[in-house]
>>> print(open('coords31.tsv').read())   # TSV, C-alpha atoms
chain	number	residue	atom	x	y	z
A	4	MET	CA	27.13	-3.76	-23.61
A	5	ALA	CA	23.74	-3.42	-25.29
A	6	PHE	CA	24.37	0.15	-26.48
A	7	ASP	CA	26.87	1.61	-28.95
A	8	SER	CA	27.32	5.02	-27.33
A	9	LEU	CA	26.45	7.02	-24.26
A	10	SER	CA	23.80	8.96	-26.16
A	11	ALA	CA	22.21	5.69	-27.31
A	12	PHE	CA	22.23	4.52	-23.68
A	13	LEU	CA	20.56	7.72	-22.53
A	14	ALA	CA	17.99	7.54	-25.34
A	15	MET	CA	16.99	3.96	-24.30
A	16	GLY	CA	15.84	3.14	-27.82
A	17	GLY	CA	13.28	5.93	-27.70
A	18	TYR	CA	11.89	4.89	-24.32
A	19	ALA	CA	13.99	7.33	-22.29
A	20	PRO	CA	11.12	9.12	-20.45
A	21	TYR	CA	9.58	5.81	-19.33
A	22	VAL	CA	12.75	3.95	-18.38
A	23	TRP	CA	14.46	6.87	-16.63
A	24	SER	CA	11.40	7.99	-14.70
A	25	ALA	CA	10.86	4.43	-13.42
A	26	TYR	CA	14.52	4.12	-12.37
A	27	GLY	CA	14.50	7.66	-10.98
A	28	ALA	CA	11.49	6.99	-8.76
A	29	THR	CA	13.08	3.77	-7.50
A	30	ALA	CA	16.43	5.43	-6.79
A	31	ALA	CA	14.69	8.29	-5.01
A	32	LEU	CA	12.81	5.85	-2.77
A	33	LEU	CA	15.88	3.75	-1.92
A	34	LEU	CA	18.14	6.73	-1.26
A	35	GLY	CA	15.44	8.61	0.62
A	36	VAL	CA	14.58	5.68	2.87
A	37	GLY	CA	18.25	4.87	3.51
A	38	TRP	CA	19.06	8.48	4.32
A	39	HIS	CA	16.02	8.76	6.59
A	40	ALA	CA	17.00	5.63	8.55
A	41	ARG	CA	20.46	7.09	9.13
A	42	ALA	CA	19.15	10.54	10.09
A	43	GLU	CA	16.61	8.96	12.43
A	44	ARG	CA	19.29	7.00	14.27
A	45	ARG	CA	21.46	10.09	14.68
A	46	ARG	CA	18.52	12.14	15.92
A	47	VAL	CA	17.50	9.50	18.47
A	48	LEU	CA	21.06	9.22	19.83
A	49	ARG	CA	21.49	13.00	19.99
A	50	ASP	CA	18.16	13.48	21.79
A	51	LEU	CA	19.03	10.75	24.29
A	52	LYS	CA	22.40	12.28	25.02
A	53	ARG	CA	20.82	15.67	25.54
A	54	ARG	CA	18.22	14.22	27.85
A	55	ILE	CA	20.81	12.42	29.96
A	56	ARG	CA	22.91	15.56	30.21
A	57	ARG	CA	19.90	17.64	31.22
A	58	GLU	CA	18.84	15.17	33.89
A	59	ARG	CA	22.38	15.06	35.24
A	60	TYR	CA	22.45	18.81	35.42
A	61	GLN	CA	19.10	19.01	37.19
A	62	ALA	CA	20.01	16.23	39.61
A	63	GLY	CA	23.32	17.97	40.25
A	64	ALA	CA	21.63	21.28	40.95
A	65	ALA	CA	19.17	19.61	43.32
A	66	ASN	CA	21.83	17.72	45.27
A	67	ASN	CA	24.26	20.57	45.00
A	68	THR	CA	26.85	18.10	43.72
A	69	THR	CA	28.01	18.46	40.15
A	70	GLU	CA	29.89	15.25	39.75
A	71	GLU	CA	27.37	12.50	39.44
A	72	GLY	CA	23.71	11.98	38.74
A	73	PRO	CA	21.29	10.24	41.08
A	74	ARG	CA	21.93	6.60	41.89
A	75	ARG	CA	18.97	4.41	41.14
B	11	MET	CA	18.65	-22.38	20.24
B	12	TRP	CA	15.69	-21.40	22.42
B	13	ALA	CA	17.92	-19.22	24.53
B	14	PHE	CA	19.02	-17.44	21.37
B	15	ILE	CA	15.44	-16.91	20.24
B	16	HIS	CA	14.51	-15.60	23.67
B	17	LYS	CA	17.39	-13.20	23.62
B	18	LEU	CA	16.38	-12.09	20.13
B	19	GLY	CA	12.84	-11.40	21.32
B	20	SER	CA	13.89	-8.94	24.00
B	21	PRO	CA	14.68	-5.40	22.88
B	22	LYS	CA	18.05	-5.41	24.64
B	23	GLY	CA	19.15	-8.76	23.21
B	24	PHE	CA	17.92	-7.85	19.76
B	25	TYR	CA	19.77	-4.56	19.88
B	26	ALA	CA	23.04	-6.31	20.72
B	27	ILE	CA	22.70	-9.15	18.21
B	28	SER	CA	21.41	-7.10	15.26
B	29	ALA	CA	24.40	-4.75	15.45
B	30	ARG	CA	26.51	-7.44	13.78
B	31	TRP	CA	24.11	-7.89	10.85
B	32	LEU	CA	23.77	-4.28	9.79
B	33	THR	CA	27.00	-3.68	7.87
B	34	PRO	CA	26.93	-6.95	5.88
B	35	LEU	CA	23.29	-6.31	4.96
B	36	TRP	CA	23.89	-2.74	3.80
B	37	LEU	CA	26.91	-3.82	1.77
B	38	ALA	CA	25.06	-6.74	0.18
B	39	ALA	CA	22.10	-4.50	-0.67
B	40	ALA	CA	24.31	-1.82	-2.24
B	41	ALA	CA	26.42	-4.31	-4.21
B	42	LEU	CA	23.47	-6.36	-5.48
B	43	ILE	CA	21.42	-3.33	-6.51
B	44	LEU	CA	24.35	-1.54	-8.16
B	45	ILE	CA	25.48	-4.62	-10.10
B	46	GLY	CA	21.96	-5.79	-10.96
B	47	GLY	CA	20.85	-2.28	-11.93
B	48	THR	CA	23.85	-1.57	-14.15
B	49	TRP	CA	23.60	-4.99	-15.74
B	50	GLY	CA	19.90	-4.65	-16.42
B	51	LEU	CA	20.12	-1.08	-17.68
B	52	ALA	CA	23.20	-1.29	-19.89
B	53	PHE	CA	24.28	-4.89	-20.52
B	54	SER	CA	21.32	-7.22	-20.83
B	55	PRO	CA	20.02	-7.47	-24.41
B	56	ALA	CA	16.96	-5.45	-25.46
B	57	ASP	CA	13.69	-7.35	-25.74
B	58	TYR	CA	12.78	-8.29	-29.31
B	59	GLN	CA	9.26	-6.92	-28.93
B	60	GLN	CA	9.47	-4.24	-26.24
B	61	GLY	CA	12.92	-2.91	-27.07
B	62	ASP	CA	14.57	-1.08	-24.20
B	63	SER	CA	11.31	-0.35	-22.38
B	64	PHE	CA	11.46	-3.87	-20.91
B	65	ARG	CA	14.36	-2.73	-18.70
B	66	ILE	CA	11.72	-1.30	-16.36
B	67	ILE	CA	11.22	-4.91	-15.22
B	68	TYR	CA	14.40	-4.64	-13.11
B	69	VAL	CA	12.79	-2.09	-10.79
B	70	HIS	CA	9.12	-2.99	-11.26
B	71	VAL	CA	9.29	-6.65	-10.25
B	72	PRO	CA	11.53	-6.24	-7.16
B	73	ALA	CA	9.36	-3.34	-5.94
B	74	ALA	CA	6.18	-5.36	-6.45
B	75	PHE	CA	7.70	-8.38	-4.65
B	76	LEU	CA	8.69	-6.26	-1.69
B	77	ALA	CA	5.35	-4.44	-1.61
B	78	GLN	CA	3.67	-7.79	-0.99
B	79	SER	CA	6.37	-9.41	1.17
B	80	ILE	CA	6.51	-6.43	3.51
B	81	PHE	CA	2.76	-6.61	4.04
B	82	VAL	CA	3.00	-10.32	4.88
B	83	ALA	CA	5.89	-9.60	7.26
B	84	MET	CA	3.87	-6.81	8.87
B	85	ALA	CA	0.83	-9.07	9.31
B	86	ALA	CA	3.03	-11.84	10.77
B	87	ALA	CA	4.61	-9.36	13.18
B	88	GLY	CA	1.11	-8.17	14.11
B	89	PHE	CA	0.10	-11.76	14.83
B	90	VAL	CA	3.18	-12.34	17.02
B	91	PHE	CA	2.44	-9.10	18.87
B	92	MET	CA	-1.24	-9.96	19.44
B	93	VAL	CA	-0.67	-13.57	20.51
B	94	TRP	CA	2.56	-13.39	22.51
B	95	LYS	CA	2.58	-9.66	23.38
B	96	ILE	CA	6.09	-9.30	22.04
B	97	LYS	CA	6.67	-5.55	21.84
B	98	LEU	CA	9.60	-5.96	19.50
B	99	ALA	CA	7.32	-7.44	16.82
B	100	ASP	CA	5.12	-4.36	17.00
B	101	MET	CA	8.11	-2.03	16.76
B	102	ALA	CA	9.31	-3.83	13.62
B	103	ALA	CA	5.80	-3.75	12.11
B	104	ALA	CA	5.55	-0.01	12.71
B	105	MET	CA	8.96	0.61	11.15
B	106	MET	CA	8.39	-1.42	7.98
B	107	ALA	CA	4.99	0.04	7.01
B	108	PRO	CA	6.25	3.25	5.32
B	109	LEU	CA	8.79	1.32	3.22
B	110	GLY	CA	6.02	-1.06	2.14
B	111	ALA	CA	3.84	1.86	1.10
B	112	GLY	CA	6.78	3.36	-0.81
B	113	MET	CA	7.48	0.07	-2.59
B	114	THR	CA	3.82	-0.26	-3.56
B	115	PHE	CA	3.88	3.25	-4.94
B	116	VAL	CA	7.03	2.54	-6.97
B	117	ALA	CA	5.52	-0.70	-8.29
B	118	LEU	CA	2.39	1.18	-9.40
B	119	PHE	CA	4.36	4.10	-10.84
B	120	SER	CA	6.90	1.99	-12.75
B	121	GLY	CA	4.04	-0.16	-14.00
B	122	ALA	CA	2.19	2.93	-15.22
B	123	VAL	CA	5.16	4.32	-17.15
B	124	TRP	CA	5.78	0.84	-18.56
B	125	GLY	CA	2.14	0.57	-19.57
B	126	VAL	CA	2.19	3.69	-21.72
B	127	PRO	CA	4.52	2.33	-24.44
B	128	THR	CA	3.48	-1.35	-24.15
B	129	TRP	CA	-0.24	-1.32	-23.39
B	130	GLY	CA	-1.05	2.15	-24.69
B	131	THR	CA	-2.44	3.17	-21.31
B	132	TRP	CA	-0.97	4.08	-17.95
B	133	TRP	CA	-3.96	2.78	-16.02
B	134	GLN	CA	-6.73	0.21	-16.42
B	135	TRP	CA	-9.09	-1.11	-13.76
B	136	ASP	CA	-7.43	-4.46	-14.31
B	137	ALA	CA	-7.53	-6.99	-11.46
B	138	ARG	CA	-3.78	-6.89	-10.73
B	139	LEU	CA	-3.55	-3.10	-10.90
B	140	THR	CA	-6.65	-2.59	-8.77
B	141	SER	CA	-5.57	-5.07	-6.09
B	142	MET	CA	-2.15	-3.36	-5.92
B	143	LEU	CA	-3.88	0.00	-5.50
B	144	ILE	CA	-5.91	-1.54	-2.66
B	145	LEU	CA	-2.63	-2.72	-1.12
B	146	PHE	CA	-1.37	0.86	-1.22
B	147	PHE	CA	-4.51	2.08	0.56
B	148	LEU	CA	-4.17	-0.72	3.13
B	149	TYR	CA	-0.64	0.48	3.94
B	150	ILE	CA	-1.89	4.06	4.31
B	151	GLY	CA	-4.73	2.74	6.49
B	152	VAL	CA	-2.36	0.79	8.77
B	153	ILE	CA	-0.08	3.81	9.20
B	154	ALA	CA	-2.97	6.23	9.79
B	155	LEU	CA	-4.77	3.88	12.18
B	156	ARG	CA	-1.68	3.51	14.36
B	157	GLY	CA	-1.35	7.28	14.57
B	158	ALA	CA	-5.04	7.82	15.32
B	159	PHE	CA	-4.93	6.34	18.82
B	160	ALA	CA	-3.96	8.30	21.89
B	161	SER	CA	-2.50	5.21	23.56
B	162	ARG	CA	0.37	3.43	21.87
B	163	ASP	CA	-1.01	0.02	22.75
B	164	GLY	CA	-4.40	0.80	21.23
B	165	GLY	CA	-2.80	2.00	18.01
B	166	ALA	CA	-0.53	-1.04	17.90
B	167	ARG	CA	-3.45	-3.44	18.30
B	168	ALA	CA	-5.63	-1.71	15.72
B	169	ALA	CA	-2.76	-1.65	13.20
B	170	SER	CA	-2.04	-5.35	13.86
B	171	VAL	CA	-5.66	-6.31	13.29
B	172	LEU	CA	-5.91	-4.32	10.07
B	173	ALA	CA	-2.66	-5.86	8.81
B	174	MET	CA	-3.88	-9.39	9.64
B	175	VAL	CA	-7.21	-8.79	7.91
B	176	GLY	CA	-5.67	-6.95	4.97
B	177	VAL	CA	-3.24	-9.77	4.26
B	178	ILE	CA	-6.17	-11.51	2.51
B	179	ASN	CA	-5.45	-9.11	-0.34
B	180	ILE	CA	-2.05	-10.73	-0.96
B	181	PRO	CA	-3.30	-14.03	-2.47
B	182	ILE	CA	-5.82	-11.95	-4.41
B	183	ILE	CA	-2.93	-9.97	-5.92
B	184	LYS	CA	-1.00	-13.14	-6.63
B	185	TYR	CA	-3.82	-14.99	-8.37
B	186	SER	CA	-5.52	-11.93	-9.89
B	187	VAL	CA	-3.68	-12.51	-13.16
B	188	GLU	CA	-5.06	-16.05	-13.38
B	189	TRP	CA	-8.57	-15.58	-11.99
B	190	TRP	CA	-9.37	-12.52	-14.08
B	191	TYR	CA	-7.21	-12.56	-17.16
B	192	THR	CA	-7.73	-8.92	-18.06
B	193	LEU	CA	-4.58	-6.96	-18.93
B	194	HIS	CA	-1.60	-7.70	-16.72
B	195	GLN	CA	0.28	-10.81	-17.85
B	196	PRO	CA	0.71	-13.79	-15.50
B	197	ALA	CA	3.93	-14.24	-13.53
B	198	THR	CA	7.06	-14.42	-15.65
B	199	PHE	CA	8.87	-16.66	-13.19
B	200	SER	CA	8.00	-19.65	-11.07
B	201	ILE	CA	10.07	-21.66	-8.64
B	202	THR	CA	9.18	-24.93	-10.35
B	203	SER	CA	10.17	-24.27	-13.95
B	204	LYS	CA	13.13	-22.83	-15.79
B	205	PRO	CA	12.79	-19.15	-16.68
B	206	ALA	CA	11.55	-18.44	-20.19
B	207	MET	CA	14.22	-15.80	-20.62
B	208	PRO	CA	17.94	-15.92	-21.38
B	209	ALA	CA	20.22	-15.82	-18.32
B	210	ALA	CA	21.50	-12.36	-19.31
B	211	MET	CA	17.95	-11.13	-18.76
B	212	TRP	CA	16.87	-12.97	-15.61
B	213	LEU	CA	20.15	-12.98	-13.67
B	214	PRO	CA	20.19	-9.20	-13.17
B	215	LEU	CA	16.56	-9.44	-12.09
B	216	LEU	CA	17.48	-12.06	-9.50
B	217	LEU	CA	20.28	-9.81	-8.19
B	218	MET	CA	17.88	-6.87	-7.96
B	219	VAL	CA	15.26	-8.91	-6.09
B	220	LEU	CA	17.86	-10.18	-3.61
B	221	GLY	CA	19.28	-6.67	-3.24
B	222	PHE	CA	15.85	-5.22	-2.51
B	223	TYR	CA	15.26	-7.87	0.17
B	224	CYS	CA	18.62	-7.09	1.80
B	225	PHE	CA	17.73	-3.41	1.68
B	226	PHE	CA	14.37	-4.03	3.34
B	227	ILE	CA	15.93	-6.11	6.12
B	228	ALA	CA	18.71	-3.56	6.68
B	229	VAL	CA	16.30	-0.62	6.86
B	230	THR	CA	13.91	-2.49	9.16
B	231	LEU	CA	16.72	-3.56	11.52
B	232	MET	CA	18.21	-0.10	11.64
B	233	ARG	CA	14.88	1.64	12.21
B	234	THR	CA	13.77	-0.93	14.79
B	235	ARG	CA	17.02	-0.30	16.68
B	236	SER	CA	16.24	3.43	16.72
B	237	GLU	CA	12.70	2.69	17.87
B	238	ILE	CA	14.04	0.51	20.70
B	239	LEU	CA	16.20	3.39	21.92
B	240	ARG	CA	13.18	5.69	21.73
B	241	ARG	CA	10.78	3.41	23.56
B	242	GLU	CA	13.24	2.12	26.15
B	243	SER	CA	14.89	5.47	26.70
B	244	SER	CA	14.55	5.33	30.47
B	245	LYS	CA	16.06	1.84	30.81
B	246	ARG	CA	19.47	1.63	32.37
B	247	TRP	CA	21.05	-0.38	29.53
B	248	VAL	CA	20.04	2.30	27.03
B	249	ARG	CA	21.59	4.95	29.26
B	250	ALA	CA	24.82	3.01	29.55
B	251	LEU	CA	24.91	2.43	25.80
B	252	VAL	CA	24.43	6.09	24.95
B	253	GLU	CA	27.18	7.03	27.42
B	254	GLU	CA	29.59	4.72	25.62
B	255	GLN	CA	28.81	6.20	22.21
B	256	ARG	CA	30.73	9.41	22.23
>>> encode(input="coords31.tsv", output="structure tokens")
Amino acid sequence: MAFDSLSAFLAMGGYAPYVWSAYGATAALLLGVGWHARAERRRVLRDLKRRIRRERYQAGAANNTTEEGPRR
Amino acid sequence: MWAFIHKLGSPKGFYAISARWLTPLWLAAAALILIGGTWGLAFSPADYQQGDSFRIIYVHVPAAFLAQSIFVAMAAAGFVFMVWKIKLADMAAAMMAPLGAGMTFVALFSGAVWGVPTWGTWWQWDARLTSMLILFFLYIGVIALRGAFASRDGGARAASVLAMVGVINIPIIKYSVEWWYTLHQPATFSITSKPAMPAAMWLPLLLMVLGFYCFFIAVTLMRTRSEILRRESSKRWVRALVEEQR
């Protein structure tokens, strides 16, 4: 451990604003990008499911059968 | 071997194969960055000249490495797309551009806040700093150019060409500190010689660099998989796959 106490760690030898802003910006980028990748995947899957359901429904209404979508 | 590569080049094959890589990559990235970051921030000894401000190196150097590596990867993907018309390469290139721009920004920002206590200035029109700023604008240009075309193929080709031309900036960044010795110091590490730092200082940096690379690969794989689902949304295999995922 290079520091004697938590307050010394937070003070970063007087360089706190520089060190913490650099680490903060990096953490924000990593967390933001990771979160975005996850949200994007969920959104894509949800939209696809919705689209499939809608097409089923429309195909069902057209064929007057509610069980299955069109066979292609 | 060739069959594997062929399978990997098709969106469907890539989607199936890459599923197995995601979890190990995310875990490796998280572990390496958490361990390297904690080590660098709290356990490695303070620099005898720069004190604790030198700890910025543990985010600055990995971000700057990635900023350049992602551009090279994007240009290579652009080349593969232009020569062999492999759509998957273009999808990957499109998905990695924003992360590259973000990494360039973080490299510039962490360098600026490191410059204030060590150089006495947050910005100089030094060769390394200027060429990194150009890299940032190149990323913005590639992203904007892709979006500026009405047809996806036109945007993809324009972005590929700009990436392939812009990659000339990468050796300029690398050698800027030797060609114009202005402010930024030359590379601290080289593959050929032993590091001029104690292990307690360079080991956490190595972990951070590896962690950042794992993170980049994980994000690119995951986003490319989403992009595949988006672009191939009318294919039967995508339909079947979405049905399974309840």
>>> closest_residue(input="coords31.tsv", among="B:Val82, B:Ala102, B:Ala160, B:Val116", to="chain A", atoms="only C-alpha atoms")
B:Val116
>>> atom_distance(input="coords31.tsv", atom1="CA of Val152 (chain B)", atom2="CA of Ala173 (chain B)")
6.7 Å
>>> residues_around(input="coords31.tsv", residues="Ala28 (chain A)", least_positions_apart="3", cutoff="9 Å", atoms="all atoms listed in the file", output="number ranges by chain")
A: 23-25, 31-33; B: 116, 119-120
>>> write_last_selection(input="coords31.tsv", atoms="C-alpha atoms", output="PDB file, in the frame of the given file")
ATOM      1  CA  TRP A  23      14.460   6.870 -16.630  1.00  0.00           C
ATOM      2  CA  SER A  24      11.400   7.990 -14.700  1.00  0.00           C
ATOM      3  CA  ALA A  25      10.860   4.430 -13.420  1.00  0.00           C
ATOM      4  CA  ALA A  31      14.690   8.290  -5.010  1.00  0.00           C
ATOM      5  CA  LEU A  32      12.810   5.850  -2.770  1.00  0.00           C
ATOM      6  CA  LEU A  33      15.880   3.750  -1.920  1.00  0.00           C
TER       7      LEU A  33
ATOM      8  CA  VAL B 116       7.030   2.540  -6.970  1.00  0.00           C
ATOM      9  CA  PHE B 119       4.360   4.100 -10.840  1.00  0.00           C
ATOM     10  CA  SER B 120       6.900   1.990 -12.750  1.00  0.00           C
TER      11      SER B 120
END
>>> interface_residues(input="coords31.tsv", of="chain B", to="chain A", cutoff="6 Å", atoms="all atoms listed in the file", output="PDB file with C-alpha atoms, keeping the file's coordinate frame")
ATOM      1  CA  ALA B  52      23.200  -1.290 -19.890  1.00  0.00           C
ATOM      2  CA  PHE B  53      24.280  -4.890 -20.520  1.00  0.00           C
ATOM      3  CA  PRO B  55      20.020  -7.470 -24.410  1.00  0.00           C
ATOM      4  CA  ASP B  62      14.570  -1.080 -24.200  1.00  0.00           C
ATOM      5  CA  SER B  63      11.310  -0.350 -22.380  1.00  0.00           C
ATOM      6  CA  ILE B  66      11.720  -1.300 -16.360  1.00  0.00           C
ATOM      7  CA  SER B 120       6.900   1.990 -12.750  1.00  0.00           C
ATOM      8  CA  VAL B 123       5.160   4.320 -17.150  1.00  0.00           C
ATOM      9  CA  ARG B 233      14.880   1.640  12.210  1.00  0.00           C
ATOM     10  CA  SER B 236      16.240   3.430  16.720  1.00  0.00           C
TER      11      SER B 236
END
>>> atom_distance(input="coords31.tsv", atom1="CA of Ala65 (chain A)", atom2="CA of Ser243 (chain B)")
22.2 Å
>>> atom_distance(input="coords31.tsv", atom1="CA of Arg241 (chain B)", atom2="CA of Leu76 (chain B)")
27.1 Å
>>> residues_around(input="coords31.tsv", residues="region 210-213 of chain B", least_positions_apart="3", cutoff="8 Å", atoms="only C-alpha atoms", output="PyMOL selection string")
chain B and resi 46+50+54-55+205+207+216-217
>>> residues_around(input="coords31.tsv", residues="Gln78 (chain B)", least_positions_apart="4", cutoff="8 Å", atoms="only C-alpha atoms", output="PyMOL selection string")
chain B and resi 74+82+110+114+180
>>> write_last_selection(input="coords31.tsv", atoms="C-alpha atoms", output="compact mmCIF listing (two decimals), keeping the file's coordinate frame")
# COMPACT_ATOMS: atom_id res chain seq x y z
CA ALA B 74 6.18 -5.36 -6.45
CA VAL B 82 3.00 -10.32 4.88
CA GLY B 110 6.02 -1.06 2.14
CA THR B 114 3.82 -0.26 -3.56
CA ILE B 180 -2.05 -10.73 -0.96
>>> residues_around(input="coords31.tsv", residues="Ser79 (chain B)", least_positions_apart="4", cutoff="12 Å", atoms="only C-alpha atoms", output="ChimeraX atom specification")
/B:72-75,83-86,106-107,109-111,113-114,145,177,179-181,183-184,219,222-223,226-227
>>> residues_near_point(input="coords31.tsv", point="(4.1, -0.5, -15.4)", cutoff="9 Å", atoms="all atoms listed in the file", output="list in words")
Ala25 of chain A; Ile66, Ile67, His70, Ala117, Leu118, Phe119, Ser120, Gly121, Ala122, Val123, Trp124, Gly125, Val126, Thr128, Trp132 and Trp133 of chain B
>>> write_last_selection(input="coords31.tsv", atoms="C-alpha atoms", output="PDB file, in the frame of the given file")
ATOM      1  CA  ALA A  25      10.860   4.430 -13.420  1.00  0.00           C
TER       2      ALA A  25
ATOM      3  CA  ILE B  66      11.720  -1.300 -16.360  1.00  0.00           C
ATOM      4  CA  ILE B  67      11.220  -4.910 -15.220  1.00  0.00           C
ATOM      5  CA  HIS B  70       9.120  -2.990 -11.260  1.00  0.00           C
ATOM      6  CA  ALA B 117       5.520  -0.700  -8.290  1.00  0.00           C
ATOM      7  CA  LEU B 118       2.390   1.180  -9.400  1.00  0.00           C
ATOM      8  CA  PHE B 119       4.360   4.100 -10.840  1.00  0.00           C
ATOM      9  CA  SER B 120       6.900   1.990 -12.750  1.00  0.00           C
ATOM     10  CA  GLY B 121       4.040  -0.160 -14.000  1.00  0.00           C
ATOM     11  CA  ALA B 122       2.190   2.930 -15.220  1.00  0.00           C
ATOM     12  CA  VAL B 123       5.160   4.320 -17.150  1.00  0.00           C
ATOM     13  CA  TRP B 124       5.780   0.840 -18.560  1.00  0.00           C
ATOM     14  CA  GLY B 125       2.140   0.570 -19.570  1.00  0.00           C
ATOM     15  CA  VAL B 126       2.190   3.690 -21.720  1.00  0.00           C
ATOM     16  CA  THR B 128       3.480  -1.350 -24.150  1.00  0.00           C
ATOM     17  CA  TRP B 132      -0.970   4.080 -17.950  1.00  0.00           C
ATOM     18  CA  TRP B 133      -3.960   2.780 -16.020  1.00  0.00           C
TER      19      TRP B 133
END
>>> decode(input="coords31.tsv", residues="region 171-188 of chain B", atoms="N, CA and C atoms", output="compact mmCIF listing (two decimals), in the first residue's frame")
# COMPACT_ATOMS: atom_id res chain seq x y z
N VAL B 171 -12.78 3.88 -47.12
CA VAL B 171 -11.71 4.60 -47.80
C VAL B 171 -11.06 5.62 -46.86
N LEU B 172 -11.89 6.35 -46.13
CA LEU B 172 -11.33 7.35 -45.21
C LEU B 172 -10.47 6.67 -44.13
N ALA B 173 -10.94 5.52 -43.64
CA ALA B 173 -10.16 4.81 -42.62
C ALA B 173 -8.82 4.34 -43.20
N MET B 174 -8.85 3.83 -44.45
CA MET B 174 -7.61 3.32 -45.06
C MET B 174 -6.63 4.46 -45.35
N VAL B 175 -7.17 5.62 -45.72
CA VAL B 175 -6.28 6.77 -45.96
C VAL B 175 -5.79 7.33 -44.63
N GLY B 176 -6.70 7.44 -43.67
CA GLY B 176 -6.37 8.06 -42.39
C GLY B 176 -5.38 7.26 -41.57
N VAL B 177 -5.23 5.97 -41.89
CA VAL B 177 -4.33 5.12 -41.11
C VAL B 177 -2.87 5.59 -41.25
N ILE B 178 -2.61 6.41 -42.27
CA ILE B 178 -1.27 7.00 -42.43
C ILE B 178 -0.89 7.81 -41.19
N ASN B 179 -1.91 8.33 -40.51
CA ASN B 179 -1.66 9.13 -39.31
C ASN B 179 -1.06 8.29 -38.17
N ILE B 180 -1.28 6.98 -38.20
CA ILE B 180 -0.84 6.14 -37.07
C ILE B 180 0.70 6.11 -36.95
N PRO B 181 1.44 5.78 -38.03
CA PRO B 181 2.90 5.88 -37.88
C PRO B 181 3.37 7.29 -37.55
N ILE B 182 2.63 8.29 -38.01
CA ILE B 182 3.01 9.67 -37.66
C ILE B 182 2.90 9.87 -36.15
N ILE B 183 1.80 9.34 -35.57
CA ILE B 183 1.66 9.45 -34.10
C ILE B 183 2.81 8.72 -33.43
N LYS B 184 3.07 7.50 -33.92
CA LYS B 184 4.09 6.68 -33.26
C LYS B 184 5.47 7.33 -33.28
N TYR B 185 5.86 7.86 -34.44
CA TYR B 185 7.21 8.40 -34.54
C TYR B 185 7.29 9.90 -34.27
N SER B 186 6.11 10.52 -33.99
CA SER B 186 6.11 11.98 -33.76
C SER B 186 7.07 12.37 -32.65
N VAL B 187 7.18 11.51 -31.62
CA VAL B 187 8.03 11.87 -30.48
C VAL B 187 9.51 11.74 -30.83
N GLU B 188 9.82 11.07 -31.94
CA GLU B 188 11.23 10.97 -32.32
C GLU B 188 11.58 11.96 -33.43
